[in-house]
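Undergrad: Take a look at this one; I'll ask things after.
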Amino acid sequence: MKKETKRIELLDELRGFAILAMIVHHFFLDLGFVLGLDIGYEIFDRLCVLQPLFWSIFIIISGICSRLSRNTVKRGAVVLGAGLAVTLVTAVIMPRLGITGAEIYFGILSCLGCCMILTGLLLPLIRKIPPVAGMLGCAALFALTYSVSAHSLLFGAIPLPEALYRTNVLMPLGFYNSSFQSADYFSLLPWLFMFLFGAFLGQYAADGVFPAWTYKRRVKFFAFIGRNSLWVYLGHQPVIYALLYAFMGLLKLYVYLTV
């Protein structure tokens, strides 16, 4: 954050809460994927109804923080690099170890990294637009492009040309064919507009006019996770995988020794 900006503790706490919610959600998916337990998939599917809420919190807060960063473009490059590292591990290294089905192409980190870079480059223009007008415009564009991956605009009201979906070249934008699969995927359309919504809202944070109660820390654990969200997100899957594979190994050893 910029040195002259007072830290808004609520943002850290909400981001920490959203990250932990994502981790719990992923844990149940991993429970099914690694241990083959159907209950893991069942709980994961039931929690999917809440997933957009956690995504929205995380992405909007990231947009707000883009207005508080010393160098949004540089920060975006770091996050994008982390996203590419995730793709390298899940799509190249893990399959060579015999672990398939967990490949990630253009996941949340890749999307956020691109959003940060684009926002940083567009900041001179963003500063000229009144925040309320910017937020309303971004909300409208988010609604318009929400169904891009379903080959349409405005929730199916406007069909898009099928030519856009013949290859996966435009996958980062939301256009892909039936061969594309990713365990985590966030296209720039529509999520860029949710990020920009946060960026416009972030003008009030940059001006220091958020409500006084948002600057007070209440849950230290959430705040800590929120401040270290990149590293927590990068590390949570390897830790969960390691624990589950270790548990599976110990279980097999126990069965072998007791039979």
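Labeling convention for the structure tokens: chains A, B, ... as they appear, residues from 1 per chain, ligands from 1 in order of appearance.
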Could you please write out, as a PyMOL selection string, every residue of region 18-161 of chain A that DSSP assigns to strand (DSSP E or B)?
TA: chain A and resi 152-153+158-159
Undergrad: Residues within 9 Å of Thr90 (chain A), please, as a PyMOL selection string. Count only C-alpha atoms; anything in the same chain fewer than 2 positions from it doesn't count.
TA: chain A and resi 85-88+92-95+99-105
Undergrad: What's the 10 Å shell around Arg217 (chain A), counting only C-alpha atoms, without same-chain residues fewer than 3 positions away, as a PyMOL selection string?
TA: chain A and resi 7-13+213-214+220+222-223
Undergrad: Any chance you can output those residues with N, CA, C and O atoms as a PDB file, in the first residue's frame?
TA:
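Result saved to selection.pdb:
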```
ATOM      1  N   ARG A   7      -4.342   1.855   6.445  1.00  0.00           N
ATOM      2  CA  ARG A   7      -4.800   0.527   6.067  1.00  0.00           C
ATOM      3  C   ARG A   7      -6.258   0.308   6.472  1.00  0.00           C
ATOM      4  O   ARG A   7      -6.646   0.583   7.603  1.00  0.00           O
ATOM      5  N   ILE A   8      -7.037  -0.201   5.545  1.00  0.00           N
ATOM      6  CA  ILE A   8      -8.439  -0.516   5.800  1.00  0.00           C
ATOM      7  C   ILE A   8      -8.491  -1.977   6.226  1.00  0.00           C
ATOM      8  O   ILE A   8      -8.473  -2.890   5.394  1.00  0.00           O
ATOM      9  N   GLU A   9      -8.549  -2.201   7.524  1.00  0.00           N
ATOM     10  CA  GLU A   9      -8.453  -3.553   8.062  1.00  0.00           C
ATOM     11  C   GLU A   9      -9.590  -4.454   7.590  1.00  0.00           C
ATOM     12  O   GLU A   9      -9.420  -5.667   7.441  1.00  0.00           O
ATOM     13  N   LEU A  10     -10.764  -3.884   7.364  1.00  0.00           N
ATOM     14  CA  LEU A  10     -11.899  -4.686   6.929  1.00  0.00           C
ATOM     15  C   LEU A  10     -11.608  -5.389   5.610  1.00  0.00           C
ATOM     16  O   LEU A  10     -12.058  -6.526   5.391  1.00  0.00           O
ATOM     17  N   LEU A  11     -10.870  -4.744   4.710  1.00  0.00           N
ATOM     18  CA  LEU A  11     -10.542  -5.353   3.433  1.00  0.00           C
ATOM     19  C   LEU A  11      -9.698  -6.610   3.639  1.00  0.00           C
ATOM     20  O   LEU A  11      -9.925  -7.639   2.993  1.00  0.00           O
ATOM     21  N   ASP A  12      -8.703  -6.524   4.535  1.00  0.00           N
ATOM     22  CA  ASP A  12      -7.880  -7.697   4.837  1.00  0.00           C
ATOM     23  C   ASP A  12      -8.727  -8.814   5.429  1.00  0.00           C
ATOM     24  O   ASP A  12      -8.568  -9.997   5.077  1.00  0.00           O
ATOM     25  N   GLU A  13      -9.620  -8.451   6.340  1.00  0.00           N
ATOM     26  CA  GLU A  13     -10.434  -9.462   7.012  1.00  0.00           C
ATOM     27  C   GLU A  13     -11.399 -10.137   6.039  1.00  0.00           C
ATOM     28  O   GLU A  13     -11.556 -11.369   6.065  1.00  0.00           O
ATOM     29  N   TRP A 213     -15.291   2.802  10.847  1.00  0.00           N
ATOM     30  CA  TRP A 213     -15.243   1.454  11.411  1.00  0.00           C
ATOM     31  C   TRP A 213     -14.507   0.461  10.513  1.00  0.00           C
ATOM     32  O   TRP A 213     -14.083  -0.598  10.963  1.00  0.00           O
ATOM     33  N   THR A 214     -14.316   0.792   9.229  1.00  0.00           N
ATOM     34  CA  THR A 214     -13.624  -0.136   8.326  1.00  0.00           C
ATOM     35  C   THR A 214     -12.112  -0.143   8.555  1.00  0.00           C
ATOM     36  O   THR A 214     -11.419  -1.043   8.075  1.00  0.00           O
ATOM     37  N   LYS A 220      -8.023 -10.888  13.983  1.00  0.00           N
ATOM     38  CA  LYS A 220      -6.617 -10.876  13.596  1.00  0.00           C
ATOM     39  C   LYS A 220      -6.275 -12.012  12.636  1.00  0.00           C
ATOM     40  O   LYS A 220      -5.464 -11.838  11.721  1.00  0.00           O
ATOM     41  N   PHE A 222      -8.192 -13.567  10.357  1.00  0.00           N
ATOM     42  CA  PHE A 222      -8.643 -13.234   9.003  1.00  0.00           C
ATOM     43  C   PHE A 222      -7.756 -12.153   8.385  1.00  0.00           C
ATOM     44  O   PHE A 222      -7.428 -12.209   7.199  1.00  0.00           O
ATOM     45  N   ALA A 223      -7.392 -11.160   9.197  1.00  0.00           N
ATOM     46  CA  ALA A 223      -6.549 -10.072   8.693  1.00  0.00           C
ATOM     47  C   ALA A 223      -5.187 -10.596   8.252  1.00  0.00           C
ATOM     48  O   ALA A 223      -4.656 -10.186   7.211  1.00  0.00           O
TER      49      ALA A 223
END
```
Undergrad: Compile the contact shell of Ser56 (chain A) as a PDB file with N, CA and C atoms, in the first residue's frame: residues with an atom at most 10 Å away, counting only C-alpha atoms, same-chain residues fewer than 6 positions apart removed.
TA:
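In the end it all went to result.pdb:
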```pdb
ATOM      1  N   ALA A  18     -12.694 -14.785   2.609  1.00  0.00           N
ATOM      2  CA  ALA A  18     -12.989 -15.341   1.293  1.00  0.00           C
ATOM      3  C   ALA A  18     -11.981 -16.427   0.919  1.00  0.00           C
ATOM      4  N   SER A  62      -9.784  -7.023  -4.463  1.00  0.00           N
ATOM      5  CA  SER A  62      -8.548  -6.894  -5.243  1.00  0.00           C
ATOM      6  C   SER A  62      -8.595  -5.641  -6.107  1.00  0.00           C
ATOM      7  N   TRP A 191     -15.204 -11.124 -15.531  1.00  0.00           N
ATOM      8  CA  TRP A 191     -14.612 -10.793 -14.230  1.00  0.00           C
ATOM      9  C   TRP A 191     -13.787  -9.520 -14.246  1.00  0.00           C
ATOM     10  N   MET A 194     -15.947  -6.820 -12.898  1.00  0.00           N
ATOM     11  CA  MET A 194     -16.115  -6.844 -11.443  1.00  0.00           C
ATOM     12  C   MET A 194     -14.876  -6.256 -10.769  1.00  0.00           C
ATOM     13  N   PHE A 195     -13.698  -6.572 -11.319  1.00  0.00           N
ATOM     14  CA  PHE A 195     -12.458  -6.010 -10.790  1.00  0.00           C
ATOM     15  C   PHE A 195     -12.459  -4.489 -10.948  1.00  0.00           C
ATOM     16  N   GLY A 198     -14.501  -2.710  -8.461  1.00  0.00           N
ATOM     17  CA  GLY A 198     -13.733  -2.494  -7.235  1.00  0.00           C
ATOM     18  C   GLY A 198     -12.732  -1.366  -7.375  1.00  0.00           C
TER      19      GLY A 198
END
```
Undergrad: When you draw a straight line from CA of Leu154 (chain A) to CA of Arg166 (chain A), how long is it in Å?
TA: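 Separating CA of Leu154 (chain A) from CA of Arg166 (chain A) is a distance of 21.2 Å.
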Undergrad: Env of Leu37 (chain A): 12 Å cut, atoms = only C-alpha atoms, seq-sep filter 6 positions within chain, self excluded. Answer as a ChimeraX atom specification.
TA: /A:27-31,43-44,244,248
Undergrad: Can you write just those residues out, C-alpha atoms, as a short mmCIF file (atom, residue, chain, number, x, y, z; two decimals), in the first residue's frame?
TA:
```
data_model
loop_
_atom_site.label_atom_id
_atom_site.label_comp_id
_atom_site.auth_asym_id
_atom_site.auth_seq_id
_atom_site.Cartn_x
_atom_site.Cartn_y
_atom_site.Cartn_z
CA PHE A 27 -10.73 -29.38 0.44
CA PHE A 28 -13.95 -31.27 -0.24
CA LEU A 29 -13.13 -31.47 -3.95
CA ASP A 30 -9.67 -32.80 -3.09
CA LEU A 31 -11.26 -35.28 -0.70
CA ILE A 43 -20.41 -31.49 -0.30
CA PHE A 44 -18.35 -29.60 -2.88
CA LEU A 244 -4.44 -36.39 1.92
CA MET A 248 -3.99 -42.48 2.08
#
```
Undergrad: Considering only C-alpha atoms, can you say which of A:Ile117, A:Ala143, A:Leu136, A:Leu47 comes closest to Lys74 (chain A)?
TA: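 The answer is A:Ile117, which sits nearest to Lys74 (chain A).
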Undergrad: What are the closest atom pairs, with distances in Å to one decimal, for all residues of region 65-149 of chain A lying within 10 Å of region 173-180 of chain A? Consider only C-alpha atoms, order rows by chain and residue number, and present the result as a tab-separated table.
TA:
```
residue	atom	partner	partner_atom	distance
A:Tyr105	CA	A:Phe180	CA	9.1
A:Phe106	CA	A:Leu173	CA	9.8
A:Cys111	CA	A:Leu173	CA	9.5
A:Thr145	CA	A:Gly174	CA	9.4
A:Tyr146	CA	A:Gly174	CA	9.6
A:Ser147	CA	A:Gly174	CA	9.1
A:Val148	CA	A:Gly174	CA	6.1
A:Ser149	CA	A:Gly174	CA	5.2
```
Undergrad: With all heavy atoms retained, write the just-selected residues as a PDB file, in the first residue's frame.
TA:
```
ATOM      1  N   TYR A 105      -5.835 -23.912 -16.202  1.00  0.00           N
ATOM      2  CA  TYR A 105      -5.489 -22.967 -17.256  1.00  0.00           C
ATOM      3  C   TYR A 105      -6.265 -21.679 -17.014  1.00  0.00           C
ATOM      4  O   TYR A 105      -7.488 -21.678 -16.975  1.00  0.00           O
ATOM      5  CB  TYR A 105      -5.840 -23.535 -18.630  1.00  0.00           C
ATOM      6  CG  TYR A 105      -5.144 -24.825 -18.975  1.00  0.00           C
ATOM      7  CD1 TYR A 105      -5.790 -26.042 -18.812  1.00  0.00           C
ATOM      8  CD2 TYR A 105      -3.836 -24.833 -19.449  1.00  0.00           C
ATOM      9  CE1 TYR A 105      -5.161 -27.240 -19.126  1.00  0.00           C
ATOM     10  CE2 TYR A 105      -3.187 -26.018 -19.758  1.00  0.00           C
ATOM     11  CZ  TYR A 105      -3.861 -27.223 -19.598  1.00  0.00           C
ATOM     12  OH  TYR A 105      -3.230 -28.407 -19.905  1.00  0.00           O
ATOM     13  N   PHE A 106      -5.553 -20.608 -16.847  1.00  0.00           N
ATOM     14  CA  PHE A 106      -6.125 -19.275 -16.611  1.00  0.00           C
ATOM     15  C   PHE A 106      -7.067 -19.308 -15.405  1.00  0.00           C
ATOM     16  O   PHE A 106      -8.264 -19.001 -15.510  1.00  0.00           O
ATOM     17  CB  PHE A 106      -6.846 -18.739 -17.843  1.00  0.00           C
ATOM     18  CG  PHE A 106      -6.748 -17.243 -17.975  1.00  0.00           C
ATOM     19  CD1 PHE A 106      -5.590 -16.652 -18.459  1.00  0.00           C
ATOM     20  CD2 PHE A 106      -7.789 -16.423 -17.586  1.00  0.00           C
ATOM     21  CE1 PHE A 106      -5.482 -15.271 -18.567  1.00  0.00           C
ATOM     22  CE2 PHE A 106      -7.692 -15.039 -17.675  1.00  0.00           C
ATOM     23  CZ  PHE A 106      -6.530 -14.468 -18.167  1.00  0.00           C
ATOM     24  N   CYS A 111      -6.139 -14.552 -13.972  1.00  0.00           N
ATOM     25  CA  CYS A 111      -7.160 -13.537 -14.251  1.00  0.00           C
ATOM     26  C   CYS A 111      -6.885 -12.254 -13.467  1.00  0.00           C
ATOM     27  O   CYS A 111      -6.900 -11.156 -14.036  1.00  0.00           O
ATOM     28  CB  CYS A 111      -8.538 -14.090 -13.900  1.00  0.00           C
ATOM     29  SG  CYS A 111      -9.896 -12.938 -14.192  1.00  0.00           S
ATOM     30  N   THR A 145     -21.882  -9.358 -20.121  1.00  0.00           N
ATOM     31  CA  THR A 145     -20.913 -10.376 -20.557  1.00  0.00           C
ATOM     32  C   THR A 145     -20.877 -11.618 -19.671  1.00  0.00           C
ATOM     33  O   THR A 145     -20.059 -12.503 -19.895  1.00  0.00           O
ATOM     34  CB  THR A 145     -19.502  -9.759 -20.602  1.00  0.00           C
ATOM     35  OG1 THR A 145     -19.141  -9.275 -19.281  1.00  0.00           O
ATOM     36  CG2 THR A 145     -19.437  -8.598 -21.585  1.00  0.00           C
ATOM     37  N   TYR A 146     -21.753 -11.706 -18.670  1.00  0.00           N
ATOM     38  CA  TYR A 146     -21.702 -12.823 -17.721  1.00  0.00           C
ATOM     39  C   TYR A 146     -21.839 -14.179 -18.416  1.00  0.00           C
ATOM     40  O   TYR A 146     -21.237 -15.163 -17.996  1.00  0.00           O
ATOM     41  CB  TYR A 146     -22.793 -12.672 -16.663  1.00  0.00           C
ATOM     42  CG  TYR A 146     -22.712 -13.705 -15.564  1.00  0.00           C
ATOM     43  CD1 TYR A 146     -21.788 -13.561 -14.524  1.00  0.00           C
ATOM     44  CD2 TYR A 146     -23.523 -14.832 -15.584  1.00  0.00           C
ATOM     45  CE1 TYR A 146     -21.686 -14.513 -13.521  1.00  0.00           C
ATOM     46  CE2 TYR A 146     -23.428 -15.796 -14.581  1.00  0.00           C
ATOM     47  CZ  TYR A 146     -22.511 -15.624 -13.554  1.00  0.00           C
ATOM     48  OH  TYR A 146     -22.407 -16.581 -12.567  1.00  0.00           O
ATOM     49  N   SER A 147     -22.630 -14.233 -19.488  1.00  0.00           N
ATOM     50  CA  SER A 147     -22.886 -15.517 -20.152  1.00  0.00           C
ATOM     51  C   SER A 147     -22.040 -15.727 -21.402  1.00  0.00           C
ATOM     52  O   SER A 147     -22.387 -16.538 -22.267  1.00  0.00           O
ATOM     53  CB  SER A 147     -24.372 -15.614 -20.524  1.00  0.00           C
ATOM     54  OG  SER A 147     -24.770 -14.525 -21.336  1.00  0.00           O
ATOM     55  N   VAL A 148     -20.906 -15.033 -21.493  1.00  0.00           N
ATOM     56  CA  VAL A 148     -20.024 -15.190 -22.656  1.00  0.00           C
ATOM     57  C   VAL A 148     -19.596 -16.642 -22.840  1.00  0.00           C
ATOM     58  O   VAL A 148     -19.587 -17.167 -23.961  1.00  0.00           O
ATOM     59  CB  VAL A 148     -18.786 -14.275 -22.518  1.00  0.00           C
ATOM     60  CG1 VAL A 148     -17.643 -14.774 -23.381  1.00  0.00           C
ATOM     61  CG2 VAL A 148     -19.138 -12.846 -22.928  1.00  0.00           C
ATOM     62  N   SER A 149     -19.257 -17.316 -21.739  1.00  0.00           N
ATOM     63  CA  SER A 149     -18.825 -18.714 -21.839  1.00  0.00           C
ATOM     64  C   SER A 149     -19.966 -19.631 -22.282  1.00  0.00           C
ATOM     65  O   SER A 149     -19.722 -20.764 -22.708  1.00  0.00           O
ATOM     66  CB  SER A 149     -18.270 -19.192 -20.487  1.00  0.00           C
ATOM     67  OG  SER A 149     -17.085 -18.484 -20.168  1.00  0.00           O
TER      68      SER A 149
END
```
Undergrad: Find, counting only C-alpha atoms, the residue in A:Met135, A:Cys48, A:Met22, A:Leu196 that gets nearest to Leu122 (chain A).
TA: A:Leu196
Undergrad: Can you tell me which residues surround region 113-115 of chain A at a distance of at most 10 Å, considering only C-alpha atoms, apart from same-chain residues fewer than 6 positions away, and format the answer as a list in words?
TA: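 Close residues of region 113-115 of chain A: Ile59, Ser62, Gly63, Ser66, Thr72, Val73, Lys74, Arg75, Gly76, Ala77, Val78, Val79, Leu80, Gly81, Ala82, Gly83, Leu84, Phe106, Leu121, Pro172, Leu188, Trp191, Leu192, Phe193, Met194, Phe195 and Leu196 of chain A.
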Undergrad: Could you write out that same residue set with N, CA, C and O atoms as a tab-separated table (two decimals), in the first residue's frame?
TA:
```tsv
chain	number	residue	atom	x	y	z
A	59	ILE	N	-12.57	-10.66	-5.63
A	59	ILE	CA	-12.23	-9.88	-6.83
A	59	ILE	C	-12.48	-8.39	-6.62
A	59	ILE	O	-11.66	-7.55	-7.02
A	62	SER	N	-9.78	-7.02	-4.46
A	62	SER	CA	-8.55	-6.89	-5.24
A	62	SER	C	-8.60	-5.64	-6.11
A	62	SER	O	-7.59	-4.94	-6.27
A	63	GLY	N	-9.78	-5.34	-6.66
A	63	GLY	CA	-9.93	-4.11	-7.45
A	63	GLY	C	-9.74	-2.87	-6.60
A	63	GLY	O	-9.08	-1.92	-7.01
A	66	SER	N	-6.18	-2.29	-5.86
A	66	SER	CA	-5.38	-1.84	-7.00
A	66	SER	C	-5.22	-0.32	-6.99
A	66	SER	O	-4.26	0.21	-7.55
A	72	THR	N	0.56	-0.90	-9.52
A	72	THR	CA	-0.43	-1.93	-9.84
A	72	THR	C	0.06	-2.84	-10.96
A	72	THR	O	-0.19	-4.05	-10.93
A	73	VAL	N	0.73	-2.28	-11.94
A	73	VAL	CA	1.22	-3.09	-13.06
A	73	VAL	C	2.26	-4.10	-12.59
A	73	VAL	O	2.22	-5.28	-12.95
A	74	LYS	N	3.19	-3.65	-11.76
A	74	LYS	CA	4.23	-4.54	-11.24
A	74	LYS	C	3.61	-5.64	-10.38
A	74	LYS	O	3.98	-6.81	-10.49
A	75	ARG	N	2.68	-5.25	-9.53
A	75	ARG	CA	1.99	-6.23	-8.70
A	75	ARG	C	1.23	-7.25	-9.56
A	75	ARG	O	1.24	-8.44	-9.29
A	76	GLY	N	0.61	-6.75	-10.62
A	76	GLY	CA	-0.11	-7.64	-11.53
A	76	GLY	C	0.81	-8.63	-12.22
A	76	GLY	O	0.45	-9.80	-12.41
A	77	ALA	N	2.01	-8.17	-12.58
A	77	ALA	CA	2.97	-9.07	-13.23
A	77	ALA	C	3.39	-10.19	-12.28
A	77	ALA	O	3.55	-11.35	-12.69
A	78	VAL	N	3.55	-9.86	-10.98
A	78	VAL	CA	3.90	-10.88	-9.99
A	78	VAL	C	2.78	-11.91	-9.85
A	78	VAL	O	3.02	-13.12	-9.85
A	79	VAL	N	1.54	-11.42	-9.76
A	79	VAL	CA	0.39	-12.33	-9.60
A	79	VAL	C	0.19	-13.17	-10.86
A	79	VAL	O	-0.09	-14.37	-10.78
A	80	LEU	N	0.35	-12.56	-12.03
A	80	LEU	CA	0.24	-13.32	-13.28
A	80	LEU	C	1.32	-14.39	-13.35
A	80	LEU	O	1.06	-15.52	-13.78
A	81	GLY	N	2.54	-14.04	-12.92
A	81	GLY	CA	3.62	-15.03	-12.89
A	81	GLY	C	3.29	-16.19	-11.97
A	81	GLY	O	3.57	-17.36	-12.29
A	82	ALA	N	2.65	-15.88	-10.83
A	82	ALA	CA	2.23	-16.94	-9.91
A	82	ALA	C	1.18	-17.83	-10.57
A	82	ALA	O	1.18	-19.05	-10.42
A	83	GLY	N	0.26	-17.21	-11.33
A	83	GLY	CA	-0.75	-17.99	-12.04
A	83	GLY	C	-0.15	-18.90	-13.09
A	83	GLY	O	-0.57	-20.05	-13.24
A	84	LEU	N	0.86	-18.40	-13.80
A	84	LEU	CA	1.54	-19.23	-14.80
A	84	LEU	C	2.30	-20.38	-14.13
A	84	LEU	O	2.39	-21.48	-14.68
A	106	PHE	N	-5.55	-20.61	-16.85
A	106	PHE	CA	-6.13	-19.27	-16.61
A	106	PHE	C	-7.07	-19.31	-15.40
A	106	PHE	O	-8.26	-19.00	-15.51
A	121	LEU	N	-2.65	0.16	-16.36
A	121	LEU	CA	-2.46	0.88	-17.62
A	121	LEU	C	-3.60	1.87	-17.90
A	121	LEU	O	-3.39	2.90	-18.55
A	172	PRO	N	-8.66	-17.06	-22.63
A	172	PRO	CA	-8.57	-16.07	-21.54
A	172	PRO	C	-9.73	-15.07	-21.53
A	172	PRO	O	-10.06	-14.52	-20.48
A	188	LEU	N	-11.51	-13.28	-18.46
A	188	LEU	CA	-11.52	-11.82	-18.29
A	188	LEU	C	-12.92	-11.25	-18.48
A	188	LEU	O	-13.27	-10.24	-17.87
A	191	TRP	N	-15.20	-11.12	-15.53
A	191	TRP	CA	-14.61	-10.79	-14.23
A	191	TRP	C	-13.79	-9.52	-14.25
A	191	TRP	O	-13.60	-8.88	-13.20
A	192	LEU	N	-13.29	-9.12	-15.42
A	192	LEU	CA	-12.56	-7.85	-15.49
A	192	LEU	C	-13.45	-6.70	-15.04
A	192	LEU	O	-12.99	-5.78	-14.35
A	193	PHE	N	-14.72	-6.75	-15.38
A	193	PHE	CA	-15.63	-5.66	-15.03
A	193	PHE	C	-15.94	-5.66	-13.53
A	193	PHE	O	-16.17	-4.58	-12.95
A	194	MET	N	-15.95	-6.82	-12.90
A	194	MET	CA	-16.12	-6.84	-11.44
A	194	MET	C	-14.88	-6.26	-10.77
A	194	MET	O	-14.98	-5.52	-9.79
A	195	PHE	N	-13.70	-6.57	-11.32
A	195	PHE	CA	-12.46	-6.01	-10.79
A	195	PHE	C	-12.46	-4.49	-10.95
A	195	PHE	O	-12.10	-3.75	-10.02
A	196	LEU	N	-12.86	-4.01	-12.12
A	196	LEU	CA	-12.90	-2.57	-12.36
A	196	LEU	C	-13.95	-1.89	-11.49
A	196	LEU	O	-13.77	-0.73	-11.09
```
Undergrad: Could you find all residues in region 122-237 of chain A that DSSP calls helix (DSSP H, G or I) from the backbone, and write them as a PyMOL selection string?
TA: chain A and resi 122-126+131-145+148-150+162-165+171-173+188-206+212-215+220-227+229-237
Undergrad: Counting only C-alpha atoms, which residue out of A:Leu14, A:Ala199, A:Leu164, A:Leu250 sits closest to Ile225 (chain A)?
TA: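 For Ile225 (chain A), the nearest of the given residues is A:Leu14.
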